[in-house]
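Dumped query_2.txt below, it's compact mmCIF, N, CA and C atoms:
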```
# COMPACT_ATOMS: atom_id res chain seq x y z
N MET A 160 42.70 107.91 102.33
CA MET A 160 43.72 108.28 103.28
C MET A 160 44.94 107.34 103.17
N ALA A 161 44.70 106.06 102.94
CA ALA A 161 45.81 105.12 102.84
C ALA A 161 46.67 105.40 101.62
N TRP A 162 46.05 105.88 100.53
CA TRP A 162 46.82 106.20 99.33
C TRP A 162 47.81 107.32 99.61
N MET A 163 47.42 108.26 100.50
CA MET A 163 48.31 109.36 100.83
C MET A 163 49.52 108.84 101.61
N ALA A 164 49.30 107.92 102.51
CA ALA A 164 50.40 107.36 103.28
C ALA A 164 51.36 106.60 102.37
N ARG A 165 50.81 105.86 101.41
CA ARG A 165 51.67 105.14 100.47
C ARG A 165 52.46 106.11 99.60
N SER A 166 51.83 107.20 99.22
CA SER A 166 52.54 108.21 98.42
C SER A 166 53.69 108.82 99.20
N VAL A 167 53.45 109.12 100.47
CA VAL A 167 54.49 109.68 101.32
C VAL A 167 55.65 108.70 101.44
N LEU A 168 55.35 107.43 101.64
CA LEU A 168 56.38 106.41 101.75
C LEU A 168 57.19 106.32 100.47
N CYS A 169 56.52 106.26 99.33
CA CYS A 169 57.23 106.15 98.06
C CYS A 169 58.11 107.37 97.81
N LEU A 170 57.59 108.54 98.06
CA LEU A 170 58.38 109.75 97.85
C LEU A 170 59.58 109.82 98.78
N SER A 171 59.40 109.39 100.03
CA SER A 171 60.53 109.43 100.95
C SER A 171 61.61 108.44 100.54
N LEU A 172 61.23 107.27 100.06
CA LEU A 172 62.22 106.29 99.62
C LEU A 172 62.92 106.76 98.35
N VAL A 173 62.18 107.37 97.43
CA VAL A 173 62.80 107.90 96.22
C VAL A 173 63.77 109.02 96.59
N GLY A 174 63.38 109.84 97.55
CA GLY A 174 64.26 110.93 98.00
C GLY A 174 65.53 110.41 98.61
N VAL A 175 65.44 109.37 99.41
CA VAL A 175 66.63 108.81 100.05
C VAL A 175 67.56 108.20 99.01
N VAL A 176 67.00 107.42 98.10
CA VAL A 176 67.82 106.77 97.08
C VAL A 176 68.35 107.79 96.09
N GLY A 177 67.59 108.83 95.81
CA GLY A 177 68.00 109.85 94.86
C GLY A 177 69.18 110.67 95.32
N CYS A 178 69.50 110.63 96.60
CA CYS A 178 70.61 111.41 97.13
C CYS A 178 71.96 110.82 96.77
N GLU A 179 72.00 109.61 96.32
CA GLU A 179 73.25 108.97 95.98
C GLU A 179 73.19 108.48 94.54
N GLY A 180 74.35 108.19 93.97
CA GLY A 180 74.39 107.65 92.62
C GLY A 180 73.75 106.27 92.61
N ALA A 181 73.26 105.87 91.45
CA ALA A 181 72.57 104.59 91.36
C ALA A 181 73.46 103.43 91.76
N GLN A 182 74.74 103.49 91.41
CA GLN A 182 75.64 102.38 91.71
C GLN A 182 75.92 102.29 93.20
N THR A 183 76.20 103.42 93.86
CA THR A 183 76.53 103.37 95.28
C THR A 183 75.29 103.23 96.15
N ALA A 184 74.13 103.67 95.65
CA ALA A 184 72.91 103.57 96.45
C ALA A 184 72.57 102.11 96.75
N ALA A 185 72.75 101.25 95.76
CA ALA A 185 72.43 99.85 95.95
C ALA A 185 73.38 99.20 96.94
N GLN A 186 74.59 99.76 97.09
CA GLN A 186 75.59 99.16 97.96
C GLN A 186 75.67 99.85 99.31
N SER A 187 75.01 100.97 99.48
CA SER A 187 75.08 101.73 100.71
C SER A 187 74.21 101.11 101.79
N LYS A 188 74.82 100.82 102.92
CA LYS A 188 74.05 100.24 104.03
C LYS A 188 73.07 101.25 104.61
N ALA A 189 73.39 102.53 104.53
CA ALA A 189 72.47 103.56 105.03
C ALA A 189 71.20 103.59 104.19
N VAL A 190 71.33 103.50 102.87
CA VAL A 190 70.16 103.52 102.00
C VAL A 190 69.37 102.22 102.15
N GLN A 191 70.07 101.11 102.22
CA GLN A 191 69.38 99.84 102.40
C GLN A 191 68.62 99.83 103.73
N GLY A 192 69.26 100.34 104.78
CA GLY A 192 68.61 100.40 106.10
C GLY A 192 67.41 101.31 106.09
N ALA A 193 67.51 102.46 105.41
CA ALA A 193 66.39 103.39 105.34
C ALA A 193 65.22 102.78 104.59
N ALA A 194 65.51 102.10 103.48
CA ALA A 194 64.44 101.48 102.69
C ALA A 194 63.76 100.37 103.48
N LEU A 195 64.54 99.50 104.07
CA LEU A 195 63.96 98.39 104.84
C LEU A 195 63.24 98.91 106.07
N GLY A 196 63.85 99.86 106.78
CA GLY A 196 63.21 100.44 107.95
C GLY A 196 61.91 101.13 107.61
N GLY A 197 61.90 101.84 106.47
CA GLY A 197 60.68 102.51 106.03
C GLY A 197 59.56 101.52 105.74
N LEU A 198 59.90 100.44 105.07
CA LEU A 198 58.88 99.43 104.76
C LEU A 198 58.36 98.74 106.02
N LEU A 199 59.27 98.35 106.90
CA LEU A 199 58.84 97.70 108.14
C LEU A 199 58.06 98.67 109.02
N GLY A 200 58.51 99.92 109.09
CA GLY A 200 57.80 100.92 109.88
C GLY A 200 56.42 101.21 109.33
N ALA A 201 56.30 101.27 107.99
CA ALA A 201 55.00 101.50 107.37
C ALA A 201 54.03 100.37 107.68
N GLY A 202 54.53 99.14 107.59
CA GLY A 202 53.67 98.00 107.91
C GLY A 202 53.23 97.99 109.35
N THR A 203 54.18 98.23 110.24
CA THR A 203 53.85 98.26 111.67
C THR A 203 52.91 99.42 111.98
N GLY A 204 53.20 100.59 111.41
CA GLY A 204 52.34 101.75 111.63
C GLY A 204 50.94 101.54 111.10
N ALA A 205 50.80 100.86 109.97
CA ALA A 205 49.48 100.58 109.40
C ALA A 205 48.68 99.66 110.32
N ILE A 206 49.35 98.66 110.88
CA ILE A 206 48.66 97.73 111.78
C ILE A 206 48.20 98.45 113.04
N ILE A 207 49.10 99.22 113.63
CA ILE A 207 48.74 99.94 114.86
C ILE A 207 47.70 101.01 114.56
N GLY A 208 47.88 101.74 113.44
CA GLY A 208 46.92 102.78 113.07
C GLY A 208 45.55 102.22 112.77
N GLU A 209 45.48 101.04 112.18
CA GLU A 209 44.20 100.41 111.87
C GLU A 209 43.40 100.14 113.15
N GLN A 210 44.09 99.76 114.20
CA GLN A 210 43.41 99.50 115.47
C GLN A 210 42.85 100.77 116.08
N LYS A 211 43.45 101.90 115.78
CA LYS A 211 42.98 103.20 116.29
C LYS A 211 42.07 103.90 115.29
N GLY A 212 41.86 103.30 114.11
CA GLY A 212 41.02 103.91 113.10
C GLY A 212 41.75 104.94 112.25
N LYS A 213 43.05 104.95 112.28
CA LYS A 213 43.85 105.91 111.51
C LYS A 213 45.02 105.20 110.84
N ALA A 214 44.69 104.30 109.93
CA ALA A 214 45.72 103.51 109.26
C ALA A 214 46.65 104.37 108.42
N GLY A 215 46.11 105.37 107.73
CA GLY A 215 46.94 106.22 106.88
C GLY A 215 47.98 106.99 107.66
N ALA A 216 47.55 107.59 108.75
CA ALA A 216 48.49 108.35 109.59
C ALA A 216 49.51 107.42 110.22
N GLY A 217 49.08 106.27 110.67
CA GLY A 217 50.01 105.30 111.26
C GLY A 217 51.03 104.83 110.26
N THR A 218 50.60 104.62 109.02
CA THR A 218 51.52 104.19 107.98
C THR A 218 52.57 105.25 107.70
N ALA A 219 52.12 106.50 107.57
CA ALA A 219 53.05 107.59 107.27
C ALA A 219 54.05 107.82 108.40
N ILE A 220 53.56 107.83 109.62
CA ILE A 220 54.45 108.04 110.77
C ILE A 220 55.42 106.88 110.92
N GLY A 221 54.91 105.66 110.79
CA GLY A 221 55.78 104.47 110.89
C GLY A 221 56.83 104.44 109.81
N ALA A 222 56.45 104.82 108.59
CA ALA A 222 57.42 104.83 107.48
C ALA A 222 58.53 105.84 107.73
N GLY A 223 58.16 107.02 108.18
CA GLY A 223 59.16 108.05 108.45
C GLY A 223 60.11 107.66 109.55
N LEU A 224 59.56 107.19 110.66
CA LEU A 224 60.40 106.79 111.79
C LEU A 224 61.27 105.57 111.44
N GLY A 225 60.69 104.64 110.72
CA GLY A 225 61.45 103.45 110.32
C GLY A 225 62.58 103.79 109.37
N ALA A 226 62.32 104.68 108.39
CA ALA A 226 63.36 105.08 107.45
C ALA A 226 64.49 105.82 108.16
N LEU A 227 64.13 106.70 109.07
CA LEU A 227 65.14 107.45 109.82
C LEU A 227 65.99 106.51 110.67
N SER A 228 65.35 105.62 111.40
CA SER A 228 66.08 104.67 112.25
C SER A 228 66.95 103.74 111.42
N GLY A 229 66.40 103.19 110.35
CA GLY A 229 67.16 102.29 109.50
C GLY A 229 68.35 102.97 108.85
N GLY A 230 68.16 104.21 108.43
CA GLY A 230 69.27 104.97 107.83
C GLY A 230 70.39 105.23 108.82
N LEU A 231 70.02 105.58 110.05
CA LEU A 231 71.03 105.82 111.08
C LEU A 231 71.80 104.56 111.43
N ILE A 232 71.09 103.45 111.54
CA ILE A 232 71.75 102.18 111.84
C ILE A 232 72.67 101.78 110.68
N GLY A 233 72.20 101.91 109.44
CA GLY A 233 73.03 101.58 108.28
C GLY A 233 74.27 102.46 108.19
N SER A 234 74.12 103.74 108.51
CA SER A 234 75.26 104.64 108.49
C SER A 234 76.30 104.26 109.54
N ALA A 235 75.82 103.87 110.72
CA ALA A 235 76.74 103.43 111.78
C ALA A 235 77.48 102.15 111.36
N LEU A 236 76.78 101.24 110.68
CA LEU A 236 77.42 100.02 110.21
C LEU A 236 78.48 100.32 109.14
N GLU A 237 78.21 101.30 108.26
CA GLU A 237 79.20 101.69 107.26
C GLU A 237 80.45 102.26 107.92
N ALA A 238 80.26 103.11 108.93
CA ALA A 238 81.40 103.69 109.64
C ALA A 238 82.23 102.61 110.31
N GLN A 239 81.56 101.63 110.89
CA GLN A 239 82.26 100.53 111.54
C GLN A 239 83.04 99.71 110.51
N ASP A 240 82.45 99.47 109.35
CA ASP A 240 83.14 98.73 108.29
C ASP A 240 84.39 99.46 107.83
N LYS A 241 84.29 100.77 107.66
CA LYS A 241 85.45 101.55 107.21
C LYS A 241 86.56 101.53 108.25
N LYS A 242 86.19 101.56 109.52
CA LYS A 242 87.19 101.52 110.59
C LYS A 242 87.91 100.17 110.58
N LEU A 243 87.16 99.09 110.45
CA LEU A 243 87.76 97.76 110.39
C LEU A 243 88.64 97.61 109.15
N GLN A 244 88.21 98.21 108.05
CA GLN A 244 88.98 98.12 106.82
C GLN A 244 90.32 98.84 106.96
N ARG A 245 90.32 100.00 107.62
CA ARG A 245 91.58 100.72 107.84
C ARG A 245 92.53 99.91 108.70
N GLN A 246 91.97 99.14 109.64
CA GLN A 246 92.82 98.30 110.49
C GLN A 246 93.35 97.11 109.70
N GLN A 247 92.53 96.58 108.80
CA GLN A 247 92.89 95.40 108.04
C GLN A 247 93.88 95.72 106.92
N TYR A 248 93.74 96.89 106.30
CA TYR A 248 94.59 97.29 105.18
C TYR A 248 95.26 98.62 105.51
N PRO A 249 96.21 98.62 106.43
CA PRO A 249 96.85 99.89 106.80
C PRO A 249 97.69 100.43 105.65
N LEU A 250 97.81 101.74 105.62
CA LEU A 250 98.60 102.39 104.58
C LEU A 250 100.08 102.27 104.91
N THR A 251 100.86 102.04 103.89
CA THR A 251 102.32 102.01 104.04
C THR A 251 102.90 103.07 103.13
N SER A 252 104.21 103.16 103.13
CA SER A 252 104.83 104.15 102.24
C SER A 252 104.61 103.73 100.80
N GLY A 253 104.72 104.68 99.90
CA GLY A 253 104.49 104.42 98.49
C GLY A 253 103.18 105.04 98.06
N GLN A 254 102.81 104.79 96.82
CA GLN A 254 101.58 105.37 96.30
C GLN A 254 100.37 104.65 96.88
N THR A 255 99.30 105.40 97.07
CA THR A 255 98.07 104.80 97.56
C THR A 255 97.05 104.75 96.45
N LYS A 256 96.16 103.80 96.56
CA LYS A 256 95.09 103.64 95.58
C LYS A 256 93.76 103.93 96.28
N ILE A 257 92.77 104.30 95.48
CA ILE A 257 91.46 104.64 96.02
C ILE A 257 90.38 103.89 95.25
N CYS A 258 89.33 103.48 95.96
CA CYS A 258 88.19 102.82 95.33
C CYS A 258 87.31 103.89 94.70
N PRO A 259 87.01 103.78 93.39
CA PRO A 259 86.19 104.80 92.75
C PRO A 259 84.73 104.77 93.19
N VAL A 260 84.30 103.68 93.80
CA VAL A 260 82.90 103.58 94.24
C VAL A 260 82.74 104.08 95.67
N GLY A 261 83.51 103.54 96.59
CA GLY A 261 83.33 103.87 98.00
C GLY A 261 84.31 104.88 98.56
N GLY A 262 85.41 105.13 97.85
CA GLY A 262 86.38 106.11 98.31
C GLY A 262 87.37 105.58 99.33
N GLU A 263 87.38 104.28 99.59
CA GLU A 263 88.32 103.70 100.53
C GLU A 263 89.73 103.77 99.95
N ILE A 264 90.71 103.87 100.84
CA ILE A 264 92.11 104.00 100.43
C ILE A 264 92.85 102.71 100.73
N TYR A 265 93.70 102.26 99.78
CA TYR A 265 94.45 101.02 99.91
C TYR A 265 95.91 101.24 99.53
N THR A 266 96.71 100.25 99.86
CA THR A 266 98.12 100.31 99.50
C THR A 266 98.29 99.95 98.03
N GLU A 267 99.48 100.16 97.53
CA GLU A 267 99.77 99.93 96.12
C GLU A 267 99.63 98.46 95.73
N GLY A 268 99.86 97.54 96.66
CA GLY A 268 99.84 96.12 96.34
C GLY A 268 98.46 95.54 96.10
N ILE A 269 97.40 96.26 96.40
CA ILE A 269 96.04 95.74 96.24
C ILE A 269 95.48 96.24 94.92
N LYS A 270 94.93 95.33 94.09
CA LYS A 270 94.46 95.71 92.76
C LYS A 270 92.95 95.98 92.73
N PHE A 271 92.16 95.22 93.48
CA PHE A 271 90.71 95.38 93.45
C PHE A 271 90.19 95.69 94.85
N CYS A 272 89.12 96.47 94.91
CA CYS A 272 88.48 96.80 96.19
C CYS A 272 87.81 95.55 96.75
N PRO A 273 88.13 95.16 97.98
CA PRO A 273 87.51 93.96 98.55
C PRO A 273 86.01 94.13 98.83
N ASN A 274 85.54 95.36 98.94
CA ASN A 274 84.12 95.60 99.21
C ASN A 274 83.27 95.67 97.94
N HIS A 275 83.79 96.34 96.90
CA HIS A 275 83.00 96.61 95.72
C HIS A 275 83.43 95.81 94.49
N GLY A 276 84.62 95.21 94.53
CA GLY A 276 85.08 94.38 93.42
C GLY A 276 85.55 95.16 92.21
N VAL A 277 85.66 96.47 92.33
CA VAL A 277 86.11 97.28 91.20
C VAL A 277 87.61 97.49 91.27
N GLU A 278 88.21 97.78 90.11
CA GLU A 278 89.66 98.02 90.08
C GLU A 278 89.97 99.36 90.74
N LEU A 279 90.99 99.34 91.59
CA LEU A 279 91.40 100.55 92.30
C LEU A 279 92.18 101.48 91.37
N ARG A 280 92.12 102.77 91.65
CA ARG A 280 92.85 103.78 90.89
C ARG A 280 93.86 104.45 91.80
N TYR A 281 94.95 104.92 91.18
CA TYR A 281 95.92 105.70 91.96
C TYR A 281 95.29 107.02 92.32
N LYS A 282 95.63 107.52 93.49
CA LYS A 282 95.14 108.81 93.93
C LYS A 282 95.53 109.88 92.93
N GLY A 283 94.60 110.74 92.55
CA GLY A 283 94.89 111.80 91.61
C GLY A 283 94.55 111.45 90.16
N GLN A 284 94.12 110.23 89.90
CA GLN A 284 93.74 109.83 88.52
C GLN A 284 92.32 110.22 88.24
```
Full structure transcribed into structure tokens:
Amino acid sequence: MAWMARSVLCLSLVGVVGCEGAQTAAQSKAVQGAALGGLLGAGTGAIIGEQKGKAGAGTAIGAGLGALSGGLIGSALEAQDKKLQRQQYPLTSGQTKICPVGGEIYTEGIKFCPNHGVELRYKGQ
């Protein structure tokens, strides 16, 4: 039964990470939160389930709830970061540049994305 719970956890984490490109998945707070939440939830669920005699079910339920909660928290943190970034780097007249990894928009005077370290491209390139 425990092998089934581990399989569910692994498949759910692969599914979450598989939804994004390999480069952005490692940098996405939503994916990181889902992975960490899933692992912590699985561990907590296994401990609680073991006390009730159902470690496999506890692991699977804990992993799912943890991944969902962690993903939601990570997504909220990403939204907050983007809002702060727009306040920190407001757009002015002239051409705008875009980060090829995260899609953030910057003014012409900025050469590299402060979040991802990649060179910015002009919009439309």
To one decimal place, how far is atom C of A:Leu195 from atom CA of A:Gly262 in Å?
-> 25.4 Å
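For A:Cys272, the residues within 12 Å (counting only C-alpha atoms, excluding itself and residues fewer than 2 positions away along the chain) are Gln244, Tyr248, Lys256, Ile257, Cys258, Pro259, Val260, Gly261, Gly262, Glu263, Ile264, Tyr265, Thr266, Glu267, Gly268, Ile269, Lys270, Asn274, His275, Gly276, Val277, Glu278, Leu279 and Arg280 of chain A.
One distance worth recording is that between atom CA of A:Gly212 and atom CA of A:Ala193, which is 26.5 Å.
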Straight-line distance linking atom CA of A:Gly223 with atom CA of A:Leu236, stated in Å to one decimal = 20.0 Å
Mind listing as a VMD selection string all residues within 10 Å of (50.4, 100.3, 105.6), counting only C-alpha atoms?
-> chain A and resid 161 to 162 164 to 165 168 198 to 209 214 to 219 221 to 222
Per DSSP on the backbone, what are the strand (DSSP E) residues of stretch 181-280 of chain A, as a ChimeraX atom specification?
-> /A:255-257,264-266,280
Skipping near chain neighbours, those fewer than 5 positions away, what residues fall within 6.5 Å of A:Gly196 using all atoms listed in the file, listed as a PyMOL selection string?
-> chain A and resi 191+201+221-222+224-230
Write the residues of the preceding selection, restricted to N, CA and C atoms, as a compact mmCIF listing (two decimals), in the coordinates of the input.
```
# COMPACT_ATOMS: atom_id res chain seq x y z
N GLN A 191 70.07 101.11 102.22
CA GLN A 191 69.38 99.84 102.40
C GLN A 191 68.62 99.83 103.73
N ALA A 201 56.30 101.27 107.99
CA ALA A 201 55.00 101.50 107.37
C ALA A 201 54.03 100.37 107.68
N GLY A 221 54.91 105.66 110.79
CA GLY A 221 55.78 104.47 110.89
C GLY A 221 56.83 104.44 109.81
N ALA A 222 56.45 104.82 108.59
CA ALA A 222 57.42 104.83 107.48
C ALA A 222 58.53 105.84 107.73
N LEU A 224 59.56 107.19 110.66
CA LEU A 224 60.40 106.79 111.79
C LEU A 224 61.27 105.57 111.44
N GLY A 225 60.69 104.64 110.72
CA GLY A 225 61.45 103.45 110.32
C GLY A 225 62.58 103.79 109.37
N ALA A 226 62.32 104.68 108.39
CA ALA A 226 63.36 105.08 107.45
C ALA A 226 64.49 105.82 108.16
N LEU A 227 64.13 106.70 109.07
CA LEU A 227 65.14 107.45 109.82
C LEU A 227 65.99 106.51 110.67
N SER A 228 65.35 105.62 111.40
CA SER A 228 66.08 104.67 112.25
C SER A 228 66.95 103.74 111.42
N GLY A 229 66.40 103.19 110.35
CA GLY A 229 67.16 102.29 109.50
C GLY A 229 68.35 102.97 108.85
N GLY A 230 68.16 104.21 108.43
CA GLY A 230 69.27 104.97 107.83
C GLY A 230 70.39 105.23 108.82
```
Picked from stretch 197-275 of chain A by DSSP as helix (DSSP H, G or I), as a JSON list (two decimals) with N, CA and C atoms, in the coordinates of the input:
```
[["chain", "number", "residue", "atom", "x", "y", "z"],
["A", 197, "GLY", "N", 61.90, 101.84, 106.47],
["A", 197, "GLY", "CA", 60.68, 102.51, 106.03],
["A", 197, "GLY", "C", 59.56, 101.52, 105.74],
["A", 198, "LEU", "N", 59.90, 100.44, 105.07],
["A", 198, "LEU", "CA", 58.88, 99.43, 104.76],
["A", 198, "LEU", "C", 58.36, 98.74, 106.02],
["A", 199, "LEU", "N", 59.27, 98.35, 106.90],
["A", 199, "LEU", "CA", 58.84, 97.70, 108.14],
["A", 199, "LEU", "C", 58.06, 98.67, 109.02],
["A", 200, "GLY", "N", 58.51, 99.92, 109.09],
["A", 200, "GLY", "CA", 57.80, 100.92, 109.88],
["A", 200, "GLY", "C", 56.42, 101.21, 109.33],
["A", 201, "ALA", "N", 56.30, 101.27, 107.99],
["A", 201, "ALA", "CA", 55.00, 101.50, 107.37],
["A", 201, "ALA", "C", 54.03, 100.37, 107.68],
["A", 202, "GLY", "N", 54.53, 99.14, 107.59],
["A", 202, "GLY", "CA", 53.67, 98.00, 107.91],
["A", 202, "GLY", "C", 53.23, 97.99, 109.35],
["A", 203, "THR", "N", 54.18, 98.23, 110.24],
["A", 203, "THR", "CA", 53.85, 98.26, 111.67],
["A", 203, "THR", "C", 52.91, 99.42, 111.98],
["A", 204, "GLY", "N", 53.20, 100.59, 111.41],
["A", 204, "GLY", "CA", 52.34, 101.75, 111.63],
["A", 204, "GLY", "C", 50.94, 101.54, 111.10],
["A", 205, "ALA", "N", 50.80, 100.86, 109.97],
["A", 205, "ALA", "CA", 49.48, 100.58, 109.40],
["A", 205, "ALA", "C", 48.68, 99.66, 110.32],
["A", 206, "ILE", "N", 49.35, 98.66, 110.88],
["A", 206, "ILE", "CA", 48.66, 97.73, 111.78],
["A", 206, "ILE", "C", 48.20, 98.45, 113.04],
["A", 207, "ILE", "N", 49.10, 99.22, 113.63],
["A", 207, "ILE", "CA", 48.74, 99.94, 114.86],
["A", 207, "ILE", "C", 47.70, 101.01, 114.56],
["A", 208, "GLY", "N", 47.88, 101.74, 113.44],
["A", 208, "GLY", "CA", 46.92, 102.78, 113.07],
["A", 208, "GLY", "C", 45.55, 102.22, 112.77],
["A", 209, "GLU", "N", 45.48, 101.04, 112.18],
["A", 209, "GLU", "CA", 44.20, 100.41, 111.87],
["A", 209, "GLU", "C", 43.40, 100.14, 113.15],
["A", 210, "GLN", "N", 44.09, 99.76, 114.20],
["A", 210, "GLN", "CA", 43.41, 99.50, 115.47],
["A", 210, "GLN", "C", 42.85, 100.77, 116.08],
["A", 211, "LYS", "N", 43.45, 101.90, 115.78],
["A", 211, "LYS", "CA", 42.98, 103.20, 116.29],
["A", 211, "LYS", "C", 42.07, 103.90, 115.29],
["A", 214, "ALA", "N", 44.69, 104.30, 109.93],
["A", 214, "ALA", "CA", 45.72, 103.51, 109.26],
["A", 214, "ALA", "C", 46.65, 104.37, 108.42],
["A", 215, "GLY", "N", 46.11, 105.37, 107.73],
["A", 215, "GLY", "CA", 46.94, 106.22, 106.88],
["A", 215, "GLY", "C", 47.98, 106.99, 107.66],
["A", 216, "ALA", "N", 47.55, 107.59, 108.75],
["A", 216, "ALA", "CA", 48.49, 108.35, 109.59],
["A", 216, "ALA", "C", 49.51, 107.42, 110.22],
["A", 217, "GLY", "N", 49.08, 106.27, 110.67],
["A", 217, "GLY", "CA", 50.01, 105.30, 111.26],
["A", 217, "GLY", "C", 51.03, 104.83, 110.26],
["A", 218, "THR", "N", 50.60, 104.62, 109.02],
["A", 218, "THR", "CA", 51.52, 104.19, 107.98],
["A", 218, "THR", "C", 52.57, 105.25, 107.70],
["A", 219, "ALA", "N", 52.12, 106.50, 107.57],
["A", 219, "ALA", "CA", 53.05, 107.59, 107.27],
["A", 219, "ALA", "C", 54.05, 107.82, 108.40],
["A", 220, "ILE", "N", 53.56, 107.83, 109.62],
["A", 220, "ILE", "CA", 54.45, 108.04, 110.77],
["A", 220, "ILE", "C", 55.42, 106.88, 110.92],
["A", 221, "GLY", "N", 54.91, 105.66, 110.79],
["A", 221, "GLY", "CA", 55.78, 104.47, 110.89],
["A", 221, "GLY", "C", 56.83, 104.44, 109.81],
["A", 222, "ALA", "N", 56.45, 104.82, 108.59],
["A", 222, "ALA", "CA", 57.42, 104.83, 107.48],
["A", 222, "ALA", "C", 58.53, 105.84, 107.73],
["A", 223, "GLY", "N", 58.16, 107.02, 108.18],
["A", 223, "GLY", "CA", 59.16, 108.05, 108.45],
["A", 223, "GLY", "C", 60.11, 107.66, 109.55],
["A", 224, "LEU", "N", 59.56, 107.19, 110.66],
["A", 224, "LEU", "CA", 60.40, 106.79, 111.79],
["A", 224, "LEU", "C", 61.27, 105.57, 111.44],
["A", 225, "GLY", "N", 60.69, 104.64, 110.72],
["A", 225, "GLY", "CA", 61.45, 103.45, 110.32],
["A", 225, "GLY", "C", 62.58, 103.79, 109.37],
["A", 226, "ALA", "N", 62.32, 104.68, 108.39],
["A", 226, "ALA", "CA", 63.36, 105.08, 107.45],
["A", 226, "ALA", "C", 64.49, 105.82, 108.16],
["A", 227, "LEU", "N", 64.13, 106.70, 109.07],
["A", 227, "LEU", "CA", 65.14, 107.45, 109.82],
["A", 227, "LEU", "C", 65.99, 106.51, 110.67],
["A", 228, "SER", "N", 65.35, 105.62, 111.40],
["A", 228, "SER", "CA", 66.08, 104.67, 112.25],
["A", 228, "SER", "C", 66.95, 103.74, 111.42],
["A", 229, "GLY", "N", 66.40, 103.19, 110.35],
["A", 229, "GLY", "CA", 67.16, 102.29, 109.50],
["A", 229, "GLY", "C", 68.35, 102.97, 108.85],
["A", 230, "GLY", "N", 68.16, 104.21, 108.43],
["A", 230, "GLY", "CA", 69.27, 104.97, 107.83],
["A", 230, "GLY", "C", 70.39, 105.23, 108.82],
["A", 231, "LEU", "N", 70.02, 105.58, 110.05],
["A", 231, "LEU", "CA", 71.03, 105.82, 111.08],
["A", 231, "LEU", "C", 71.80, 104.56, 111.43],
["A", 232, "ILE", "N", 71.09, 103.45, 111.54],
["A", 232, "ILE", "CA", 71.75, 102.18, 111.84],
["A", 232, "ILE", "C", 72.67, 101.78, 110.68],
["A", 233, "GLY", "N", 72.20, 101.91, 109.44],
["A", 233, "GLY", "CA", 73.03, 101.58, 108.28],
["A", 233, "GLY", "C", 74.27, 102.46, 108.19],
["A", 234, "SER", "N", 74.12, 103.74, 108.51],
["A", 234, "SER", "CA", 75.26, 104.64, 108.49],
["A", 234, "SER", "C", 76.30, 104.26, 109.54],
["A", 235, "ALA", "N", 75.82, 103.87, 110.72],
["A", 235, "ALA", "CA", 76.74, 103.43, 111.78],
["A", 235, "ALA", "C", 77.48, 102.15, 111.36],
["A", 236, "LEU", "N", 76.78, 101.24, 110.68],
["A", 236, "LEU", "CA", 77.42, 100.02, 110.21],
["A", 236, "LEU", "C", 78.48, 100.32, 109.14],
["A", 237, "GLU", "N", 78.21, 101.30, 108.26],
["A", 237, "GLU", "CA", 79.20, 101.69, 107.26],
["A", 237, "GLU", "C", 80.45, 102.26, 107.92],
["A", 238, "ALA", "N", 80.26, 103.11, 108.93],
["A", 238, "ALA", "CA", 81.40, 103.69, 109.64],
["A", 238, "ALA", "C", 82.23, 102.61, 110.31],
["A", 239, "GLN", "N", 81.56, 101.63, 110.89],
["A", 239, "GLN", "CA", 82.26, 100.53, 111.54],
["A", 239, "GLN", "C", 83.04, 99.71, 110.51],
["A", 240, "ASP", "N", 82.45, 99.47, 109.35],
["A", 240, "ASP", "CA", 83.14, 98.73, 108.29],
["A", 240, "ASP", "C", 84.39, 99.46, 107.83],
["A", 241, "LYS", "N", 84.29, 100.77, 107.66],
["A", 241, "LYS", "CA", 85.45, 101.55, 107.21],
["A", 241, "LYS", "C", 86.56, 101.53, 108.25],
["A", 242, "LYS", "N", 86.19, 101.56, 109.52],
["A", 242, "LYS", "CA", 87.19, 101.52, 110.59],
["A", 242, "LYS", "C", 87.91, 100.17, 110.58],
["A", 243, "LEU", "N", 87.16, 99.09, 110.45],
["A", 243, "LEU", "CA", 87.76, 97.76, 110.39],
["A", 243, "LEU", "C", 88.64, 97.61, 109.15],
["A", 244, "GLN", "N", 88.21, 98.21, 108.05],
["A", 244, "GLN", "CA", 88.98, 98.12, 106.82],
["A", 244, "GLN", "C", 90.32, 98.84, 106.96],
["A", 245, "ARG", "N", 90.32, 100.00, 107.62],
["A", 245, "ARG", "CA", 91.58, 100.72, 107.84],
["A", 245, "ARG", "C", 92.53, 99.91, 108.70],
["A", 246, "GLN", "N", 91.97, 99.14, 109.64],
["A", 246, "GLN", "CA", 92.82, 98.30, 110.49],
["A", 246, "GLN", "C", 93.35, 97.11, 109.70],
["A", 247, "GLN", "N", 92.53, 96.58, 108.80],
["A", 247, "GLN", "CA", 92.89, 95.40, 108.04],
["A", 247, "GLN", "C", 93.88, 95.72, 106.92]]
```
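Of the residues listed (A:Ala235, A:Lys241, A:Lys282, A:Ala189), A:Lys282 shows the shortest atom-to-atom separation from A:Thr255; distances use all atoms listed in the file.
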